[in-house]
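input_6.cif (mmCIF, C-alpha atoms) appears below.
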```cif
data_model
#
loop_
_atom_site.label_atom_id
_atom_site.label_comp_id
_atom_site.auth_asym_id
_atom_site.auth_seq_id
_atom_site.Cartn_x
_atom_site.Cartn_y
_atom_site.Cartn_z
CA MET A 1 -24.70 -27.50 8.54
CA PRO A 2 -24.52 -28.03 4.79
CA ARG A 3 -22.97 -31.16 3.33
CA LEU A 4 -20.50 -29.69 0.90
CA VAL A 5 -17.40 -30.72 -0.96
CA ILE A 6 -15.03 -27.76 -1.19
CA THR A 7 -11.93 -28.00 -3.35
CA ILE A 8 -9.04 -25.62 -2.70
CA THR A 9 -6.91 -25.04 -5.78
CA SER A 10 -4.65 -22.36 -7.28
CA GLY A 11 -2.87 -22.86 -10.58
CA LYS A 12 0.49 -21.68 -9.28
CA GLY A 13 2.18 -23.65 -6.52
CA GLY A 14 3.26 -22.22 -3.20
CA VAL A 15 0.47 -19.67 -2.76
CA GLY A 16 -0.96 -21.31 0.38
CA LYS A 17 -3.49 -23.98 -0.70
CA THR A 18 -2.41 -26.48 1.92
CA THR A 19 -2.30 -23.86 4.67
CA ALA A 20 -5.77 -22.70 3.62
CA THR A 21 -7.14 -26.26 3.60
CA ALA A 22 -5.70 -27.09 7.03
CA ASN A 23 -6.95 -23.87 8.57
CA LEU A 24 -10.42 -23.94 7.06
CA GLY A 25 -10.74 -27.56 8.15
CA ALA A 26 -9.71 -26.68 11.70
CA ALA A 27 -11.93 -23.58 11.79
CA LEU A 28 -15.01 -25.46 10.51
CA ALA A 29 -14.36 -28.25 13.04
CA ALA A 30 -13.97 -25.69 15.84
CA MET A 31 -17.38 -24.30 14.82
CA GLY A 32 -18.86 -27.74 15.48
CA GLY A 33 -18.84 -29.19 11.98
CA LYS A 34 -17.77 -32.72 11.18
CA VAL A 35 -14.88 -32.22 8.76
CA VAL A 36 -12.64 -34.44 6.62
CA CYS A 37 -9.67 -33.03 4.69
CA ILE A 38 -8.41 -35.01 1.70
CA ASP A 39 -4.87 -34.48 0.43
CA ALA A 40 -5.24 -34.97 -3.33
CA ASP A 41 -1.64 -34.02 -4.08
CA ILE A 42 -0.47 -37.57 -4.69
CA GLY A 43 3.31 -37.93 -4.66
CA LEU A 44 3.81 -34.56 -2.95
CA ARG A 45 1.91 -34.99 0.28
CA ASN A 46 1.99 -32.11 2.74
CA LEU A 47 -1.36 -31.62 4.43
CA ASP A 48 -0.29 -34.21 7.04
CA VAL A 49 2.74 -32.17 8.18
CA VAL A 50 0.85 -28.88 8.14
CA LEU A 51 -1.78 -30.46 10.40
CA GLY A 52 0.89 -32.16 12.54
CA LEU A 53 -0.48 -35.67 11.83
CA GLU A 54 2.44 -37.08 9.84
CA ASN A 55 3.40 -39.70 12.43
CA ARG A 56 0.02 -41.38 12.45
CA ILE A 57 -0.34 -42.36 8.80
CA VAL A 58 -0.93 -46.04 8.11
CA TYR A 59 -3.09 -46.04 4.98
CA ASP A 60 -3.62 -43.35 2.34
CA LEU A 61 -5.97 -42.19 -0.41
CA VAL A 62 -4.61 -44.64 -2.99
CA ASP A 63 -5.01 -47.55 -0.52
CA VAL A 64 -8.69 -46.61 -0.17
CA VAL A 65 -9.25 -46.28 -3.92
CA GLU A 66 -7.48 -49.56 -4.67
CA GLY A 67 -9.37 -51.39 -1.92
CA ARG A 68 -6.40 -52.24 0.34
CA CYS A 69 -8.18 -50.79 3.36
CA ARG A 70 -11.58 -49.58 4.44
CA LEU A 71 -12.29 -45.85 4.27
CA ARG A 72 -12.38 -45.60 8.08
CA GLN A 73 -8.89 -47.08 8.37
CA ALA A 74 -7.35 -44.33 6.23
CA MET A 75 -8.95 -41.50 8.23
CA ILE A 76 -6.68 -39.97 10.87
CA ARG A 77 -8.49 -38.14 13.62
CA ASP A 78 -7.02 -34.85 14.84
CA LYS A 79 -7.35 -35.20 18.61
CA ARG A 80 -7.14 -31.46 19.28
CA LEU A 81 -10.51 -30.83 17.67
CA PRO A 82 -13.79 -32.64 18.15
CA GLU A 83 -14.40 -33.83 14.58
CA LEU A 84 -11.51 -33.21 12.21
CA TYR A 85 -10.15 -36.05 10.05
CA LEU A 86 -7.44 -36.34 7.41
CA ILE A 87 -7.17 -38.72 4.48
CA PRO A 88 -3.49 -38.39 3.49
CA ALA A 89 -2.13 -38.58 -0.05
CA ALA A 90 0.07 -41.47 -1.12
CA GLN A 91 3.70 -40.39 -1.24
CA THR A 92 5.15 -43.09 -3.50
CA ARG A 93 2.57 -43.06 -6.28
CA ASP A 94 1.53 -40.47 -8.87
CA LYS A 95 -1.67 -38.68 -9.82
CA THR A 96 -2.74 -41.36 -12.31
CA ALA A 97 -3.36 -43.77 -9.41
CA VAL A 98 -6.68 -41.97 -8.83
CA SER A 99 -9.37 -40.96 -11.34
CA PRO A 100 -12.05 -38.24 -11.20
CA SER A 101 -14.74 -40.94 -10.80
CA ASP A 102 -12.81 -42.50 -7.87
CA MET A 103 -12.90 -39.10 -6.17
CA MET A 104 -16.64 -38.74 -6.82
CA ARG A 105 -17.38 -42.18 -5.40
CA LEU A 106 -15.23 -41.47 -2.34
CA CYS A 107 -16.93 -38.11 -1.66
CA ASP A 108 -20.41 -39.61 -2.09
CA GLU A 109 -19.53 -42.09 0.64
CA LEU A 110 -18.03 -39.40 2.90
CA LYS A 111 -21.11 -37.20 2.48
CA GLN A 112 -23.09 -39.78 4.47
CA ASP A 113 -21.04 -38.88 7.56
CA PHE A 114 -19.49 -35.45 7.14
CA ASP A 115 -20.72 -31.85 6.98
CA TRP A 116 -17.61 -30.64 5.19
CA ILE A 117 -15.26 -32.42 2.81
CA LEU A 118 -12.23 -30.28 1.95
CA ILE A 119 -9.96 -31.33 -0.91
CA ASP A 120 -6.43 -29.95 -1.13
CA SER A 121 -5.72 -29.88 -4.86
CA PRO A 122 -2.26 -30.13 -6.40
CA ALA A 123 -0.98 -27.09 -8.31
CA GLY A 124 -1.21 -27.17 -12.07
CA ILE A 125 -3.92 -27.88 -14.61
CA GLU A 126 -3.45 -31.60 -15.16
CA ARG A 127 -4.91 -34.86 -13.92
CA GLY A 128 -4.48 -34.04 -10.22
CA PHE A 129 -6.45 -30.83 -10.62
CA ARG A 130 -9.22 -32.65 -12.51
CA ASN A 131 -9.38 -35.32 -9.78
CA ALA A 132 -9.67 -32.62 -7.14
CA ILE A 133 -12.47 -30.61 -8.76
CA ALA A 134 -14.57 -33.54 -10.05
CA PRO A 135 -16.58 -33.99 -6.81
CA ALA A 136 -16.57 -30.28 -5.80
CA ASP A 137 -19.71 -28.34 -4.91
CA ILE A 138 -17.59 -25.21 -4.40
CA VAL A 139 -14.16 -24.49 -5.86
CA MET A 140 -11.98 -22.02 -3.99
CA VAL A 141 -9.01 -20.49 -5.79
CA VAL A 142 -6.12 -19.24 -3.65
CA THR A 143 -3.84 -16.57 -5.07
CA ASN A 144 -1.24 -14.04 -3.93
CA PRO A 145 -1.17 -10.39 -5.02
CA GLU A 146 1.65 -11.05 -7.50
CA VAL A 147 1.57 -11.12 -11.29
CA SER A 148 2.48 -14.80 -11.74
CA ALA A 149 -0.04 -16.05 -9.16
CA VAL A 150 -2.81 -13.82 -10.55
CA ARG A 151 -2.18 -14.95 -14.10
CA ASP A 152 -2.28 -18.63 -13.13
CA ALA A 153 -5.40 -18.03 -11.04
CA ASP A 154 -7.11 -16.53 -14.09
CA ARG A 155 -6.26 -19.60 -16.12
CA ILE A 156 -7.57 -21.96 -13.45
CA ILE A 157 -10.78 -19.92 -13.04
CA GLY A 158 -11.36 -20.28 -16.79
CA LEU A 159 -10.94 -24.06 -16.53
CA ILE A 160 -13.29 -24.24 -13.52
CA GLU A 161 -15.94 -22.41 -15.53
CA ALA A 162 -15.35 -24.65 -18.56
CA GLU A 163 -15.90 -27.70 -16.32
CA GLU A 164 -19.13 -26.08 -15.07
CA LYS A 165 -17.81 -25.95 -11.51
CA GLY A 166 -18.09 -22.16 -11.28
CA PRO A 167 -18.43 -19.55 -10.06
CA ALA A 168 -15.01 -19.88 -8.42
CA ARG A 169 -14.53 -18.23 -5.00
CA LEU A 170 -11.32 -16.30 -4.52
CA VAL A 171 -9.01 -16.18 -1.50
CA ILE A 172 -6.24 -13.58 -1.72
CA ASN A 173 -3.47 -14.79 0.56
CA ARG A 174 -0.26 -13.15 1.84
CA ILE A 175 -1.32 -9.56 1.44
CA LYS A 176 1.28 -7.14 2.82
CA PRO A 177 -0.77 -4.13 3.95
CA GLY A 178 2.25 -1.82 4.18
CA MET A 179 3.26 -2.52 0.59
CA VAL A 180 -0.32 -2.08 -0.61
CA ARG A 181 -0.45 1.27 1.17
CA ARG A 182 2.74 2.40 -0.54
CA GLY A 183 1.32 1.35 -3.91
CA ASP A 184 3.90 -1.40 -4.27
CA MET A 185 1.59 -4.42 -4.10
CA LEU A 186 -1.62 -5.16 -5.99
CA SER A 187 -4.51 -4.47 -3.62
CA ALA A 188 -7.39 -6.88 -3.12
CA ASP A 189 -9.53 -4.53 -5.23
CA ASP A 190 -6.96 -4.64 -8.05
CA VAL A 191 -6.89 -8.45 -8.01
CA LEU A 192 -10.68 -8.65 -7.92
CA GLU A 193 -11.02 -6.25 -10.83
CA LEU A 194 -8.54 -8.29 -12.89
CA LEU A 195 -10.03 -11.70 -12.11
CA ALA A 196 -13.70 -10.66 -11.88
CA VAL A 197 -14.78 -13.38 -9.45
CA GLU A 198 -16.44 -13.52 -6.06
CA LEU A 199 -14.16 -12.81 -3.09
CA VAL A 200 -14.46 -15.12 -0.10
CA GLY A 201 -11.40 -14.04 1.89
CA MET A 202 -8.38 -11.79 2.23
CA VAL A 203 -5.53 -13.08 4.37
CA PRO A 204 -2.65 -10.85 5.48
CA GLU A 205 0.95 -12.08 5.49
CA ASP A 206 1.58 -13.28 9.03
CA GLU A 207 4.75 -14.79 10.52
CA ILE A 208 2.65 -16.78 12.96
CA VAL A 209 1.59 -18.97 10.00
CA ILE A 210 5.19 -20.14 9.70
CA THR A 211 5.79 -20.68 13.41
CA SER A 212 2.49 -22.50 13.90
CA THR A 213 3.15 -24.66 10.84
CA ASN A 214 6.57 -25.48 12.31
CA ARG A 215 4.69 -26.89 15.28
CA GLY A 216 2.04 -28.63 13.19
CA LEU A 217 -0.71 -26.43 14.60
CA PRO A 218 -3.32 -24.71 12.42
CA VAL A 219 -3.00 -20.94 12.86
CA VAL A 220 -6.77 -20.57 13.40
CA LEU A 221 -6.19 -22.03 16.86
CA ASP A 222 -4.01 -19.00 17.70
CA GLY A 223 -6.28 -16.20 18.87
CA LYS A 224 -3.68 -13.49 18.23
CA SER A 225 -2.94 -14.27 14.61
CA LYS A 226 -4.43 -11.94 11.98
CA ALA A 227 -4.19 -14.70 9.37
CA GLY A 228 -5.98 -17.03 11.76
CA GLN A 229 -8.76 -14.47 12.14
CA ALA A 230 -9.01 -14.17 8.35
CA PHE A 231 -9.31 -17.97 7.93
CA ARG A 232 -11.94 -18.18 10.68
CA ASN A 233 -13.90 -15.51 8.81
CA ILE A 234 -13.72 -17.51 5.57
CA ALA A 235 -15.03 -20.58 7.43
CA ARG A 236 -17.99 -18.56 8.73
CA ARG A 237 -18.73 -17.23 5.23
CA LEU A 238 -18.69 -20.79 3.87
CA ASN A 239 -21.19 -21.61 6.59
CA GLY A 240 -23.51 -18.93 5.24
CA GLU A 241 -22.78 -16.12 7.70
CA LYS A 242 -22.35 -12.59 6.48
CA VAL A 243 -18.97 -11.54 7.86
CA PRO A 244 -17.44 -8.18 6.93
CA PHE A 245 -13.97 -8.34 5.38
CA LEU A 246 -11.01 -7.40 7.60
CA SER A 247 -9.61 -4.05 6.63
CA MET A 248 -6.16 -4.68 5.20
CA GLU A 249 -5.39 -1.00 5.80
CA GLU A 250 -5.49 -1.36 9.57
CA GLU A 251 -3.35 -4.46 9.78
CA GLY A 252 -0.01 -2.72 9.93
CA GLY A 253 0.42 -2.60 13.71
CA ILE A 254 1.77 0.22 15.80
CA PHE A 255 4.85 0.90 13.73
CA SER A 256 3.05 1.66 10.49
CA ARG A 257 0.40 3.63 12.33
CA LEU A 258 3.23 5.72 13.73
CA THR A 259 4.84 6.27 10.34
CA ARG A 260 1.48 7.26 8.95
CA PHE A 261 1.15 9.77 11.76
CA ILE A 262 4.57 11.19 10.96
CA ARG A 263 3.84 11.34 7.25
CA PRO A 264 0.21 12.47 7.17
CA GLY A 265 0.43 13.11 3.43
CA GLY A 266 1.44 9.55 2.58
CA ALA A 267 -1.49 7.51 1.32
CA MET B 1 18.29 6.85 0.98
CA ASN B 2 17.41 3.76 -1.04
CA ARG B 3 14.23 5.48 -2.12
CA LEU B 4 16.21 8.48 -3.28
CA ILE B 5 18.50 6.27 -5.38
CA ASP B 6 15.45 4.50 -6.80
CA ARG B 7 13.85 7.81 -7.75
CA LEU B 8 17.03 8.95 -9.47
CA LEU B 9 17.19 5.71 -11.42
CA GLY B 10 13.54 6.08 -12.43
CA ARG B 11 12.46 3.09 -10.36
CA GLY B 12 10.63 5.17 -7.79
CA ALA B 13 7.09 5.03 -9.21
CA PRO B 14 4.78 2.73 -7.26
CA SER B 15 4.93 -0.64 -9.00
CA ALA B 16 1.41 -1.91 -8.30
CA SER B 17 -0.29 0.25 -10.92
CA LEU B 18 2.26 -0.91 -13.46
CA ALA B 19 1.59 -4.54 -12.51
CA LYS B 20 -2.15 -3.98 -12.89
CA GLU B 21 -1.86 -2.47 -16.36
CA ARG B 22 0.45 -5.26 -17.51
CA MET B 23 -1.88 -7.91 -16.10
CA LYS B 24 -4.91 -6.41 -17.84
CA LEU B 25 -3.27 -6.93 -21.23
CA VAL B 26 -1.79 -10.33 -20.39
CA LEU B 27 -5.14 -11.68 -19.18
CA ILE B 28 -6.97 -10.45 -22.29
CA HIS B 29 -4.51 -12.33 -24.45
CA ASP B 30 -4.56 -15.43 -22.25
CA ARG B 31 -8.35 -15.55 -22.26
CA THR B 32 -8.84 -14.95 -25.97
CA ASN B 33 -5.73 -16.46 -27.48
CA LEU B 34 -5.46 -13.25 -29.49
CA THR B 35 -2.01 -11.63 -29.60
CA PRO B 36 -1.50 -7.94 -30.44
CA GLY B 37 -0.14 -9.04 -33.83
CA ALA B 38 -3.21 -11.15 -34.57
CA LEU B 39 -5.40 -8.23 -33.59
CA ASP B 40 -3.62 -5.99 -36.14
CA THR B 41 -4.13 -8.59 -38.88
CA LEU B 42 -7.79 -8.85 -37.93
CA LYS B 43 -8.10 -5.08 -38.17
CA ASP B 44 -6.54 -4.95 -41.65
CA GLU B 45 -8.79 -7.70 -42.98
CA LEU B 46 -11.85 -6.11 -41.41
CA ILE B 47 -11.03 -2.83 -43.18
CA GLN B 48 -10.71 -4.65 -46.52
CA VAL B 49 -14.03 -6.47 -46.16
CA ILE B 50 -16.01 -3.44 -45.05
CA SER B 51 -14.42 -1.22 -47.72
CA ARG B 52 -15.90 -3.51 -50.37
CA HIS B 53 -19.39 -2.42 -49.30
CA VAL B 54 -19.04 1.06 -47.93
CA GLU B 55 -16.45 3.81 -47.89
CA ILE B 56 -14.70 4.13 -44.55
CA GLU B 57 -11.86 6.09 -43.00
CA PRO B 58 -9.24 3.33 -42.65
CA GLU B 59 -6.85 5.32 -40.48
CA ALA B 60 -9.61 6.16 -37.98
CA VAL B 61 -10.69 2.53 -37.45
CA ARG B 62 -10.27 1.39 -33.87
CA ILE B 63 -10.40 -2.23 -32.64
CA GLU B 64 -10.33 -2.72 -28.91
CA MET B 65 -10.81 -5.40 -26.33
CA ALA B 66 -13.15 -4.66 -23.49
CA GLN B 67 -13.76 -6.68 -20.35
CA GLU B 68 -17.19 -7.22 -18.89
CA GLY B 69 -16.93 -9.44 -15.85
CA ARG B 70 -15.03 -12.47 -17.12
CA GLN B 71 -16.29 -11.95 -20.67
CA GLN B 72 -14.17 -10.29 -23.31
CA ARG B 73 -15.68 -8.18 -26.05
CA LEU B 74 -14.14 -7.11 -29.31
CA ILE B 75 -15.24 -3.56 -30.00
CA ALA B 76 -14.81 -2.07 -33.46
CA ASP B 77 -15.33 1.62 -34.12
CA ILE B 78 -15.46 2.17 -37.88
CA PRO B 79 -16.19 5.75 -39.00
CA LEU B 80 -17.85 5.97 -42.42
CA ARG B 81 -16.91 8.60 -44.96
CA PRO B 82 -19.79 11.10 -45.37
CA THR B 83 -21.77 10.64 -48.63
CA ARG B 84 -21.62 14.34 -49.55
CA GLN B 85 -17.86 14.24 -49.55
CA ARG B 86 -18.01 11.22 -51.85
CA ARG B 87 -20.13 13.06 -54.45
CA LEU B 88 -17.79 16.04 -54.46
CA GLY B 89 -14.78 13.76 -54.81
#
```
Starting from the coordinates I provided, produce the structure as structure tokens.
Amino acid sequence: MPRLVITITSGKGGVGKTTATANLGAALAAMGGKVVCIDADIGLRNLDVVLGLENRIVYDLVDVVEGRCRLRQAMIRDKRLPELYLIPAAQTRDKTAVSPSDMMRLCDELKQDFDWILIDSPAGIERGFRNAIAPADIVMVVTNPEVSAVRDADRIIGLIEAEEKGPARLVINRIKPGMVRRGDMLSADDVLELLAVELVGMVPEDEIVITSTNRGLPVVLDGKSKAGQAFRNIARRLNGEKVPFLSMEEEGGIFSRLTRFIRPGGA
Amino acid sequence: MNRLIDRLLGRGAPSASLAKERMKLVLIHDRTNLTPGALDTLKDELIQVISRHVEIEPEAVRIEMAQEGRQQRLIADIPLRPTRQRRLG
């Protein structure tokens, strides 16, 4: 397996960066990789709750950087998977507690032991974003098929290129196939044409993401979830496999297939 | 029924194509820092400069932004006035 630092970022908040990080981490670990996820959103930590590890935090990223603990002590092991670890963000500090060179030093050390280092970036274009992309080998941009998320993604892609961290890889999250079919949501093709970057994944809107997050379980561990399938596919693509993209047109389930049958003219 | 009301109110057209067209323009301006107003000024000044050297058809000048991958191009189409017409005039 490659030894890669992958940063997951977005520009706009709330598009699914943390969900993507947790699920890619779990999927890569389930494939046999040794994975560490770093929550770089200092002051607004969330990766711990999405992974269901919030009760086991003793030390955090800022403790490591400021030398209050050894790296090993801040890594929480997810017992459900063979080799998945979390380094949580500090909750009571802010982004200035860590610098881009701290992140690079940390990732150099982690690369000795891990196949995959995933960094969950904060939203925005400030210090936290710069910290998160500094050590990245690959930068993944998550967006939704909505005007505000696409616009912010474009801005962040420009910054990634300016920092010579490109080409950015795009994940389009929360696609509603029924709305796309009716022409009421930007399709993946529309978003790709606007942003002109390489696509690495399309993830359909899926209620199981919410219920599994409620339980602190990554959705990739649920075999029935379409979103889980989409995240597993992204993990395989990151691992160098050629995996065809899920057809968003066929995701609608029996009800929409029925309506399509009733209205054969409707595109 | 809702759809019918929407149609009657002129809201019935699929919104995705509208979003796409709006985003195309917004992204061009975000990427280049060039507003439509600035583009008009640029066009006027371009016409002045070129007119100093060669006769052109000012009203037929077209300045457009084109996208090639993530690169923006400024494309100017400047028709020249034919020389024969100049002699007659």
Compile the residues of chain A that lie within 10 Å of chain B, evaluated using all atoms listed in the file, and express the compilation as a ChimeraX atom specification.
-> /A:145-148,150-152,154-155,157-158,179-180,182-187,190-191,193-197
Residues picked by the PyMOL selection byres ((chain B and resi 60) around 12) here, as a PDB file with C-alpha atoms, in the frame of the given file?
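The new file expr35.pdb reads:
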```pdb
ATOM      1  CA  LYS B  43      -8.100  -5.080 -38.170  1.00  0.00           C
ATOM      2  CA  ILE B  47     -11.030  -2.830 -43.180  1.00  0.00           C
ATOM      3  CA  ILE B  56     -14.700   4.130 -44.550  1.00  0.00           C
ATOM      4  CA  GLU B  57     -11.860   6.090 -43.000  1.00  0.00           C
ATOM      5  CA  PRO B  58      -9.240   3.330 -42.650  1.00  0.00           C
ATOM      6  CA  GLU B  59      -6.850   5.320 -40.480  1.00  0.00           C
ATOM      7  CA  VAL B  61     -10.690   2.530 -37.450  1.00  0.00           C
ATOM      8  CA  ARG B  62     -10.270   1.390 -33.870  1.00  0.00           C
ATOM      9  CA  ILE B  63     -10.400  -2.230 -32.640  1.00  0.00           C
ATOM     10  CA  ALA B  76     -14.810  -2.070 -33.460  1.00  0.00           C
ATOM     11  CA  ASP B  77     -15.330   1.620 -34.120  1.00  0.00           C
ATOM     12  CA  ILE B  78     -15.460   2.170 -37.880  1.00  0.00           C
ATOM     13  CA  PRO B  79     -16.190   5.750 -39.000  1.00  0.00           C
ATOM     14  CA  LEU B  80     -17.850   5.970 -42.420  1.00  0.00           C
ATOM     15  CA  ARG B  81     -16.910   8.600 -44.960  1.00  0.00           C
TER      16      ARG B  81
END
```
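Distance-wise, CA of Met1 in chain A and CA of Met202 in chain A end up 23.5 Å apart.
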I would like the residues chosen by the PyMOL selection byres ((chain A and resi 120-135) around 9) on the shown file; could you give them as a PyMOL selection string?
-> chain A and resi 5-14+17-18+20-22+37-42+44+47+94-96+98-108+118-119+136-139+152+155-156+159-160+163+165
CA of Glu161 in chain A to CA of Val142 in chain A, distance in Å rounded to a single decimal |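 These atoms are spaced 15.7 Å apart.
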